[in-house]
file run-v9.txt (compact mmCIF, C-alpha atoms)
# COMPACT_ATOMS: atom_id res chain seq x y z
CA MET C 1 60.01 40.06 67.91
CA GLY C 2 62.05 37.09 69.07
CA GLU C 3 65.18 37.62 66.95
CA SER C 4 67.98 35.21 67.70
CA SER C 5 71.00 36.60 69.57
CA LEU C 6 73.15 34.79 66.98
CA GLU C 7 71.74 36.96 64.20
CA SER C 8 74.10 39.67 62.96
CA PRO C 9 72.82 43.25 62.44
CA ARG C 10 73.23 42.73 58.69
CA GLU C 11 71.15 39.52 58.76
CA LEU C 12 68.53 41.23 60.88
CA PHE C 13 68.35 44.11 58.40
CA GLU C 14 67.82 41.75 55.47
CA ARG C 15 65.25 39.65 57.28
CA LEU C 16 63.26 42.68 58.41
CA GLN C 17 63.16 44.06 54.88
CA GLU C 18 62.03 40.71 53.50
CA ARG C 19 59.35 40.29 56.18
CA ILE C 20 58.00 43.81 55.66
CA GLY C 21 57.71 43.14 51.93
CA ALA C 22 55.85 39.86 52.49
CA GLU C 23 53.41 41.34 55.03
CA ARG C 24 52.71 44.37 52.83
CA ALA C 25 51.93 42.01 49.96
CA ARG C 26 49.48 40.09 52.18
CA LEU C 27 47.86 43.35 53.27
CA ALA C 28 47.50 44.36 49.62
CA SER C 29 45.84 41.00 48.90
CA TRP C 30 43.22 41.64 51.58
CA GLN C 31 42.53 45.07 50.14
CA ALA C 32 42.28 43.63 46.62
CA ILE C 33 39.53 41.10 47.41
CA GLU C 34 37.38 43.37 49.60
CA ALA C 35 35.05 44.79 46.91
CA GLU C 36 34.28 41.44 45.25
CA TYR C 37 33.82 39.65 48.57
CA GLN C 38 31.48 42.33 49.89
CA ARG C 39 29.40 42.23 46.70
CA LYS C 40 28.99 38.43 46.77
CA TYR C 41 28.37 38.40 50.50
CA THR C 42 25.71 41.13 50.32
CA GLN C 43 23.98 40.15 47.09
CA ASP C 44 24.30 36.35 47.15
CA LEU C 45 25.10 34.89 50.57
CA ARG C 46 23.06 37.07 52.94
CA PRO C 47 19.71 36.63 51.13
CA LEU C 48 20.29 32.87 51.08
CA GLU C 49 21.15 32.82 54.79
CA GLU C 50 17.96 34.71 55.62
CA LYS C 51 15.89 32.32 53.52
CA LEU C 52 17.61 29.35 55.15
CA ASN C 53 17.03 30.58 58.70
CA LEU C 54 13.39 31.40 58.01
CA LEU C 55 12.98 27.83 56.76
CA ARG C 56 14.65 26.49 59.90
CA TYR C 57 12.28 28.58 62.01
CA LYS C 58 9.32 27.24 60.03
CA LEU C 59 10.57 23.70 60.62
CA VAL C 60 10.71 24.30 64.37
CA LEU C 61 7.06 25.33 64.30
CA CYS C 62 6.20 22.34 62.11
CA PHE C 63 8.02 19.96 64.43
CA ASP C 64 6.18 21.35 67.44
CA HIS C 65 2.84 21.07 65.65
CA ALA C 66 3.61 17.48 64.60
CA CYS C 67 4.30 16.45 68.19
CA LYS C 68 0.77 17.36 69.19
CA ASN C 69 -1.32 16.79 66.11
CA MET C 70 0.10 14.17 63.75
CA GLY C 71 -0.29 10.90 65.61
CA LEU C 72 3.39 10.27 66.30
CA SER C 73 4.58 7.43 68.50
CA LYS C 74 6.41 8.15 71.76
CA ALA C 75 9.80 7.44 70.11
CA GLU C 76 8.93 9.70 67.18
CA ARG C 77 7.82 12.51 69.51
CA GLU C 78 11.06 12.21 71.48
CA PHE C 79 13.09 12.41 68.27
CA VAL C 80 11.11 15.43 67.05
CA SER C 81 11.63 17.14 70.43
CA GLU C 82 15.38 16.68 70.00
CA LEU C 83 15.12 18.36 66.59
CA VAL C 84 13.09 21.26 68.03
CA THR C 85 15.69 21.74 70.77
CA GLU C 86 18.62 21.59 68.33
CA PHE C 87 17.12 23.97 65.77
CA SER C 88 15.87 26.39 68.42
CA GLU C 89 19.28 26.49 70.06
CA GLU C 90 21.00 27.25 66.76
CA LEU C 91 18.53 30.00 65.87
CA LEU C 92 18.75 31.56 69.33
CA GLY C 93 22.53 31.62 68.93
CA LEU C 94 22.00 33.74 65.83
CA ALA C 95 19.57 35.96 67.73
CA ALA C 96 22.28 36.66 70.31
CA LYS C 97 24.35 38.17 67.49
CA SER C 98 21.33 40.09 66.11
CA ASP C 99 21.56 37.89 63.03
CA LEU C 100 18.11 36.33 63.07
CA PRO C 101 15.79 37.36 60.18
CA ALA C 102 12.69 39.43 60.80
CA GLY C 103 9.75 37.11 61.26
CA CYS C 104 11.55 34.80 63.68
CA ASP C 105 10.08 35.21 67.16
CA VAL C 106 12.85 34.92 69.77
CA ALA C 107 10.45 34.64 72.70
CA ARG C 108 8.57 31.83 70.98
CA LEU C 109 11.82 29.99 70.24
CA LYS C 110 12.78 30.18 73.92
CA THR C 111 9.35 28.92 74.92
CA LEU C 112 9.61 25.98 72.50
CA TYR C 113 13.16 25.25 73.66
CA LYS C 114 11.96 25.03 77.27
CA LYS C 115 8.92 22.98 76.29
CA HIS C 116 10.92 20.34 74.43
CA CYS C 117 14.20 20.46 76.35
CA GLY C 118 12.78 20.98 79.83
CA SER C 119 15.16 23.79 80.80
CA ASP C 120 15.59 27.53 80.35
CA TYR C 121 17.70 28.54 77.33
CA ASP C 122 19.43 31.54 78.95
CA ALA C 123 20.25 29.54 82.08
CA ASP C 124 21.65 26.71 79.95
CA VAL C 125 23.86 29.11 77.99
CA ALA C 126 25.19 30.70 81.18
CA GLU C 127 25.93 27.29 82.70
CA ASP C 128 27.57 25.98 79.50
CA THR C 129 29.72 29.11 79.24
CA GLU C 130 30.91 28.83 82.82
CA GLN C 131 31.70 25.13 82.43
CA ALA C 132 33.58 25.81 79.19
CA LYS C 133 35.67 28.48 80.90
CA GLU C 134 36.58 26.12 83.73
CA TYR C 135 37.44 23.27 81.37
CA LEU C 136 39.51 25.49 79.08
CA ALA C 137 41.36 27.18 81.95
CA GLU C 138 42.28 23.81 83.45
CA ALA C 139 43.47 22.42 80.11
CA LEU C 140 45.62 25.50 79.42
CA GLU C 141 46.76 25.80 83.04
CA LEU C 142 45.29 29.29 83.42
CA ASP C 143 43.17 30.94 86.07
CA ALA C 144 39.57 31.21 84.92
CA GLY C 145 39.79 35.00 85.22
CA GLU C 146 42.78 35.12 82.88
CA LEU C 147 40.72 33.87 79.93
CA ASP C 148 38.94 37.21 79.65
CA ALA C 149 42.24 38.85 78.74
CA TYR C 150 42.79 36.50 75.79
CA THR C 151 41.59 37.36 72.30
CA PRO C 152 40.36 34.48 70.10
CA ILE C 153 43.58 34.65 68.06
CA ARG C 154 45.79 34.41 71.16
CA LEU C 155 43.76 31.47 72.42
CA LEU C 156 43.91 29.82 69.01
CA GLN C 157 47.69 30.12 68.98
CA LEU C 158 47.98 28.84 72.54
CA ILE C 159 45.82 25.80 71.80
CA GLN C 160 47.62 25.00 68.54
CA ASP C 161 51.01 25.28 70.25
CA GLN C 162 50.08 22.81 72.99
CA PHE C 163 47.61 20.37 71.40
CA GLU C 164 47.11 18.52 68.15
CA ASP C 165 44.23 17.39 65.95
CA GLU C 166 41.15 16.17 67.86
CA GLU C 167 42.31 17.55 71.22
CA ALA C 168 42.89 20.96 69.68
CA GLU C 169 39.51 20.95 67.93
CA GLU C 170 37.75 19.95 71.15
CA LEU C 171 39.41 22.80 73.04
CA LEU C 172 38.56 25.26 70.26
CA GLU C 173 34.91 24.25 70.62
CA GLU C 174 35.15 24.94 74.35
CA ALA C 175 36.84 28.27 73.60
CA ARG C 176 33.98 29.30 71.29
CA GLN C 177 31.55 28.63 74.11
CA ALA C 178 33.71 30.23 76.80
CA LEU C 179 34.16 33.48 74.87
CA ARG C 180 30.54 33.92 73.83
CA SER C 181 29.86 37.62 74.09
CA PRO C 182 26.65 39.65 74.49
CA VAL C 183 28.23 42.20 72.15
CA THR C 184 27.06 41.84 68.55
CA ASN C 185 29.54 41.68 65.68
CA ALA C 186 28.35 45.09 64.47
CA GLN C 187 29.09 46.61 67.88
CA ALA C 188 32.46 44.87 68.07
CA TRP C 189 33.33 46.06 64.56
CA GLN C 190 32.49 49.66 65.48
CA ALA C 191 34.66 49.45 68.61
CA PHE C 192 37.45 47.88 66.55
CA GLN C 193 37.32 50.74 64.04
CA ASP C 194 37.40 53.33 66.83
CA ALA C 195 40.45 51.67 68.38
CA GLU C 196 42.20 51.51 65.01
CA ARG C 197 41.59 55.22 64.38
CA GLU C 198 43.19 56.01 67.74
CA ARG C 199 46.13 53.74 66.96
CA LEU C 200 46.66 55.32 63.56
CA ALA C 201 46.56 58.81 65.09
CA GLU C 202 49.33 57.81 67.51
CA SER C 203 51.34 56.12 64.75
CA ALA C 204 51.18 59.27 62.65
CA GLN C 205 53.27 61.02 65.29
CA ASP C 206 56.08 58.45 65.13
CA PRO C 207 58.90 59.71 62.89
CA ALA C 208 60.23 56.17 62.40
CA LEU C 209 57.12 55.27 60.43
CA LYS C 210 57.74 58.13 58.00
CA ALA C 211 61.46 57.49 57.59
CA GLY C 212 62.88 55.87 54.51
CA VAL C 213 65.60 53.24 54.89
CA ALA C 214 68.25 53.15 52.21
CA GLY C 215 69.82 49.93 50.96
CA GLY C 216 71.87 48.39 53.72
CA ASP C 217 75.08 47.81 51.78
CA GLY C 218 76.65 51.04 52.95
CA LEU C 219 75.31 50.91 56.51
CA THR C 220 77.49 49.81 59.39
CA GLY C 221 77.70 50.19 63.15
CA ASP C 222 75.29 52.64 64.74
CA ALA C 223 73.74 53.56 61.39
CA LEU C 224 72.80 49.92 60.77
CA ASP C 225 71.42 49.56 64.30
CA LYS C 226 69.29 52.67 63.82
CA ALA C 227 68.05 51.39 60.46
CA ASN C 228 67.07 48.09 62.10
CA ALA C 229 65.18 49.95 64.83
CA VAL C 230 63.25 51.87 62.16
CA LEU C 231 62.49 48.69 60.22
CA ALA C 232 61.31 46.94 63.39
CA LYS C 233 58.82 49.73 64.04
CA GLN C 234 57.68 49.67 60.43
CA LEU C 235 57.15 45.93 60.62
CA ASP C 236 55.08 46.34 63.80
CA GLU C 237 52.95 48.91 61.98
CA VAL C 238 52.36 46.65 58.97
CA LEU C 239 51.45 43.77 61.28
CA ALA C 240 48.99 45.99 63.15
CA GLN C 241 47.35 47.00 59.87
CA LEU C 242 47.24 43.36 58.79
CA ASN C 243 45.63 42.33 62.08
CA TYR C 244 43.02 45.05 61.57
CA ALA C 245 42.33 43.78 58.03
CA GLU C 246 42.04 40.12 59.04
CA GLU C 247 40.14 40.51 62.31
CA GLY C 248 37.89 43.16 60.80
CA PHE C 249 37.13 40.79 57.94
CA LYS C 250 35.88 38.17 60.41
CA LEU C 251 33.77 40.69 62.31
CA ARG C 252 32.17 42.24 59.22
CA TYR C 253 31.26 38.93 57.64
CA GLU C 254 30.19 37.00 60.77
CA LEU C 255 33.03 34.48 60.51
CA ASP C 256 34.49 32.20 63.16
CA PRO C 257 36.83 34.35 65.31
CA PHE C 258 38.96 31.26 65.99
CA ALA C 259 39.51 30.47 62.31
CA THR C 260 42.28 31.75 60.08
CA PHE C 261 41.64 32.90 56.53
CA ASP C 262 43.78 33.40 53.44
CA PRO C 263 42.95 36.30 51.09
CA ASP C 264 43.94 34.09 48.15
CA THR C 265 41.19 31.55 48.90
CA VAL C 266 38.33 33.39 50.67
CA ILE C 267 36.43 34.15 47.44
CA GLU C 268 36.56 30.47 46.45
CA GLU C 269 35.41 29.48 49.95
CA LEU C 270 32.54 31.98 49.78
CA ASP C 271 31.43 30.53 46.43
CA ALA C 272 31.45 27.05 47.98
CA ASP C 273 29.40 28.31 50.96
CA ILE C 274 26.81 29.75 48.58
CA VAL C 275 26.47 26.40 46.77
CA ASP C 276 26.20 24.52 50.09
CA ILE C 277 23.46 26.83 51.38
CA GLN C 278 21.50 26.54 48.14
CA GLU C 279 21.60 22.75 48.50
CA TYR C 280 20.62 22.92 52.18
CA ILE C 281 17.67 25.18 51.33
CA ARG C 282 16.44 22.63 48.80
CA GLU C 283 16.70 19.91 51.45
CA LEU C 284 14.76 21.95 54.03
CA GLU C 285 12.08 22.86 51.49
CA HIS C 286 11.65 19.15 50.84
CA GLU C 287 11.47 18.47 54.57
CA VAL C 288 8.80 21.12 55.11
CA MET C 289 6.71 19.38 52.43
CA GLN C 290 6.69 16.19 54.52
CA PHE C 291 4.46 17.87 57.09
CA SER C 292 1.58 17.99 54.62
CA ASP C 293 0.88 14.29 55.17
CA GLU C 294 1.20 12.06 58.24
CA SER C 295 2.53 9.05 56.30
CA LEU C 296 5.14 11.20 54.54
CA LEU C 297 6.23 12.66 57.87
CA LYS C 298 6.55 9.25 59.52
CA ALA C 299 8.61 7.90 56.61
CA TRP C 300 10.86 10.95 56.73
CA LEU C 301 11.34 10.65 60.51
CA LYS C 302 12.20 6.97 60.12
CA ALA C 303 14.83 7.81 57.51
CA MET C 304 16.22 10.63 59.65
CA ARG C 305 16.51 8.42 62.73
CA ARG C 306 18.37 5.81 60.69
CA GLU C 307 20.74 8.47 59.39
CA VAL C 308 21.43 9.83 62.87
CA ALA C 309 22.03 6.32 64.21
CA ALA C 310 24.45 5.58 61.36
CA ILE C 311 26.38 8.78 62.08
CA GLU C 312 26.59 7.94 65.78
CA ARG C 313 27.89 4.43 64.96
CA ARG C 314 30.56 5.86 62.66
CA GLU C 315 31.61 8.36 65.30
CA GLY C 316 31.75 5.58 67.88
CA ARG C 317 34.13 3.58 65.69
CA SER C 318 36.41 6.53 64.93

call {"tool": "encode", "arguments": {"input": "run-v9.txt", "output": "C-alpha cells"}}
result
Amino acid sequence: MGESSLESPRELFERLQERIGAERARLASWQAIEAEYQRKYTQDLRPLEEKLNLLRYKLVLCFDHACKNMGLSKAEREFVSELVTEFSEELLGLAAKSDLPAGCDVARLKTLYKKHCGSDYDADVAEDTEQAKEYLAEALELDAGELDAYTPIRLLQLIQDQFEDEEAEELLEEARQALRSPVTNAQAWQAFQDAERERLAESAQDPALKAGVAGGDGLTGDALDKANAVLAKQLDEVLAQLNYAEEGFKLRYELDPFATFDPDTVIEELDADIVDIQEYIRELEHEVMQFSDESLLKAWLKAMRREVAAIERREGRS
C-alpha cells in the first residue's frame, strides 16, 4: 500500500483505522444513493434518451432525403452529408453497446454512413481503434499489446499522473477509442458480478476479515504488527468492495468508464442531464420541423453553417 518506511507501527495503526473508516463511509454513500438514482435513471432519463435517439435517427433520414429532393446547393449538400455521417456514427456507437432504441435500423445507418462518408463504418472503426492504440502506447511508452491489460481506471490514473489539462484530455479521448469493446455493458456487468461473487467467496475464508481489532493503546510489539496486518487486509477488502460499487455503477448506467464519480453529487448531475436532454429534444423537434419546407430548411442550414464556422474559429484561437 506504499506506506513510508519512516512510519512507526503506531502511526500505521492509526492511519489504517482512519482510512478504513473513510472508505467505509464512502461505500455507505454509494449504497445510500442507489435506489433514488436507479428510479430517476429508469423512469426519467432512459425514456428521454430513447426519444432523443429516435429523433436523431429521424433527422438522419430527413437529411438524406433533403440531399436528393429539396433543391440544395452543392455546399449545402456537402454540409448535410457531414451531418448524416456524424449522426450515423454516433448512433452506430450506441448500437455497438446494444443501446439503440427499437425502430432504428442499424443496417440502414451503415448504408447511409457509407453513402455520405464514402467508407465502410466497421472498417473505419477498426482502423481508428488500431491507430488510437498505437498513439496511446507511444505516448505512455508502452507496447501496444500491454494496453489490453490495462483497465480504464488504471489508464486514467496513468494519464493523469503524466499529463495535464488538454494533453490529458486528448489522450483520454484516444483511450476511449483504443479500448472500445464488442462486449456490451450488460455483458460486462454480468461478468463483473460473477467475478465479485468469486472474490467474496474467497474473502469469506480469510480469518483476518472476521477479526476485530481492539483499540491500539495497549498494543505493542508483535501484537501491534499483527493488528496492522489485519487492518491492512480489511482495508484491501473495503477498497475492493468500493471498486465494485463504483465500477459497477458506471457499467449499470452506461457511464464513461474513464470518468470518476462522487456519490455526493451523482444525483445532482443526473438531474442536470435530464434537463439538458429535455432541452436537446426540443431543439431536435424544431429541427425536424424545418424539413417541411425548402425555404425553412435552407435558412436553418445557413444558420447551422454559421454556428459551426464560429465554433471552429473560437477553437482555432484557443

call {"tool": "closest_residue", "arguments": {"input": "run-v9.txt", "among": "C:Leu48, C:His116, C:Glu170, C:Thr184", "to": "Ala95 (chain C)", "atoms": "only C-alpha atoms"}}
result
C:Thr184

call {"tool": "closest_residue", "arguments": {"input": "run-v9.txt", "among": "C:Tyr253, C:Phe192, C:Trp300, C:Phe291", "to": "Arg39 (chain C)", "atoms": "only C-alpha atoms"}}
result
C:Tyr253

call {"tool": "atom_distance", "arguments": {"input": "run-v9.txt", "atom1": "CA of Leu255 (chain C)", "atom2": "CA of Asp161 (chain C)"}}
result
22.4 Å

call {"tool": "closest_residue", "arguments": {"input": "run-v9.txt", "among": "C:Tyr244, C:Asn228, C:Ala188, C:Lys302", "to": "Ile20 (chain C)", "atoms": "all atoms listed in the file"}}
result
C:Asn228

call {"tool": "residues_around", "arguments": {"input": "run-v9.txt", "residues": "region 69-79 of chain C", "least_positions_apart": "3", "cutoff": "8 Å", "atoms": "only C-alpha atoms", "output": "list in words"}}
result
His65, Ala66, Glu82, Leu83, Glu294, Lys298, Leu301 and Arg305 of chain C

call {"tool": "atom_distance", "arguments": {"input": "run-v9.txt", "atom1": "CA of Glu287 (chain C)", "atom2": "CA of Leu52 (chain C)"}}
result
12.5 Å

call {"tool": "build_atoms", "arguments": {"input": "run-v9.txt", "residues": "region 133-159 of chain C", "atoms": "N, CA and C atoms", "output": "JSON list (two decimals), in the frame of the given file"}}
result
[["chain", "number", "residue", "atom", "x", "y", "z"],
["C", 133, "LYS", "N", 34.57, 27.69, 80.38],
["C", 133, "LYS", "CA", 35.67, 28.48, 80.90],
["C", 133, "LYS", "C", 36.53, 27.66, 81.87],
["C", 134, "GLU", "N", 35.86, 26.93, 82.76],
["C", 134, "GLU", "CA", 36.58, 26.12, 83.73],
["C", 134, "GLU", "C", 37.38, 25.02, 83.05],
["C", 135, "TYR", "N", 36.77, 24.36, 82.09],
["C", 135, "TYR", "CA", 37.44, 23.27, 81.37],
["C", 135, "TYR", "C", 38.64, 23.80, 80.60],
["C", 136, "LEU", "N", 38.45, 24.92, 79.90],
["C", 136, "LEU", "CA", 39.51, 25.49, 79.08],
["C", 136, "LEU", "C", 40.66, 25.99, 79.95],
["C", 137, "ALA", "N", 40.32, 26.66, 81.05],
["C", 137, "ALA", "CA", 41.36, 27.18, 81.95],
["C", 137, "ALA", "C", 42.20, 26.04, 82.52],
["C", 138, "GLU", "N", 41.55, 24.95, 82.91],
["C", 138, "GLU", "CA", 42.28, 23.81, 83.45],
["C", 138, "GLU", "C", 43.19, 23.19, 82.40],
["C", 139, "ALA", "N", 42.68, 23.04, 81.17],
["C", 139, "ALA", "CA", 43.47, 22.42, 80.11],
["C", 139, "ALA", "C", 44.69, 23.26, 79.75],
["C", 140, "LEU", "N", 44.53, 24.59, 79.80],
["C", 140, "LEU", "CA", 45.62, 25.50, 79.42],
["C", 140, "LEU", "C", 46.44, 25.97, 80.61],
["C", 141, "GLU", "N", 46.07, 25.45, 81.81],
["C", 141, "GLU", "CA", 46.76, 25.80, 83.04],
["C", 141, "GLU", "C", 46.73, 27.32, 83.28],
["C", 142, "LEU", "N", 45.52, 27.87, 83.17],
["C", 142, "LEU", "CA", 45.29, 29.29, 83.42],
["C", 142, "LEU", "C", 44.26, 29.44, 84.52],
["C", 143, "ASP", "N", 44.27, 30.61, 85.18],
["C", 143, "ASP", "CA", 43.17, 30.94, 86.07],
["C", 143, "ASP", "C", 41.96, 31.30, 85.21],
["C", 144, "ALA", "N", 40.78, 30.93, 85.70],
["C", 144, "ALA", "CA", 39.57, 31.21, 84.92],
["C", 144, "ALA", "C", 39.45, 32.69, 84.56],
["C", 145, "GLY", "N", 39.86, 33.56, 85.47],
["C", 145, "GLY", "CA", 39.79, 35.00, 85.22],
["C", 145, "GLY", "C", 40.73, 35.47, 84.12],
["C", 146, "GLU", "N", 41.81, 34.72, 83.90],
["C", 146, "GLU", "CA", 42.78, 35.12, 82.88],
["C", 146, "GLU", "C", 42.22, 34.99, 81.47],
["C", 147, "LEU", "N", 41.25, 34.10, 81.27],
["C", 147, "LEU", "CA", 40.72, 33.87, 79.93],
["C", 147, "LEU", "C", 40.14, 35.14, 79.32],
["C", 148, "ASP", "N", 39.57, 35.99, 80.16],
["C", 148, "ASP", "CA", 38.94, 37.21, 79.65],
["C", 148, "ASP", "C", 39.94, 38.14, 78.97],
["C", 149, "ALA", "N", 41.22, 37.99, 79.32],
["C", 149, "ALA", "CA", 42.24, 38.85, 78.74],
["C", 149, "ALA", "C", 42.74, 38.32, 77.40],
["C", 150, "TYR", "N", 42.32, 37.12, 77.03],
["C", 150, "TYR", "CA", 42.79, 36.50, 75.79],
["C", 150, "TYR", "C", 41.83, 36.78, 74.64],
["C", 151, "THR", "N", 42.39, 37.23, 73.52],
["C", 151, "THR", "CA", 41.59, 37.36, 72.30],
["C", 151, "THR", "C", 41.45, 35.97, 71.67],
["C", 152, "PRO", "N", 40.47, 35.78, 70.78],
["C", 152, "PRO", "CA", 40.36, 34.48, 70.10],
["C", 152, "PRO", "C", 41.65, 34.05, 69.41],
["C", 153, "ILE", "N", 42.35, 35.01, 68.78],
["C", 153, "ILE", "CA", 43.58, 34.65, 68.06],
["C", 153, "ILE", "C", 44.66, 34.19, 69.02],
["C", 154, "ARG", "N", 44.79, 34.84, 70.17],
["C", 154, "ARG", "CA", 45.79, 34.41, 71.16],
["C", 154, "ARG", "C", 45.45, 33.03, 71.71],
["C", 155, "LEU", "N", 44.17, 32.79, 71.96],
["C", 155, "LEU", "CA", 43.76, 31.47, 72.42],
["C", 155, "LEU", "C", 44.00, 30.41, 71.36],
["C", 156, "LEU", "N", 43.68, 30.75, 70.12],
["C", 156, "LEU", "CA", 43.91, 29.82, 69.01],
["C", 156, "LEU", "C", 45.37, 29.41, 68.95],
["C", 157, "GLN", "N", 46.26, 30.39, 69.04],
["C", 157, "GLN", "CA", 47.69, 30.12, 68.98],
["C", 157, "GLN", "C", 48.14, 29.26, 70.16],
["C", 158, "LEU", "N", 47.62, 29.58, 71.34],
["C", 158, "LEU", "CA", 47.98, 28.84, 72.54],
["C", 158, "LEU", "C", 47.54, 27.38, 72.43],
["C", 159, "ILE", "N", 46.34, 27.17, 71.94],
["C", 159, "ILE", "CA", 45.82, 25.80, 71.80],
["C", 159, "ILE", "C", 46.61, 25.03, 70.75]]
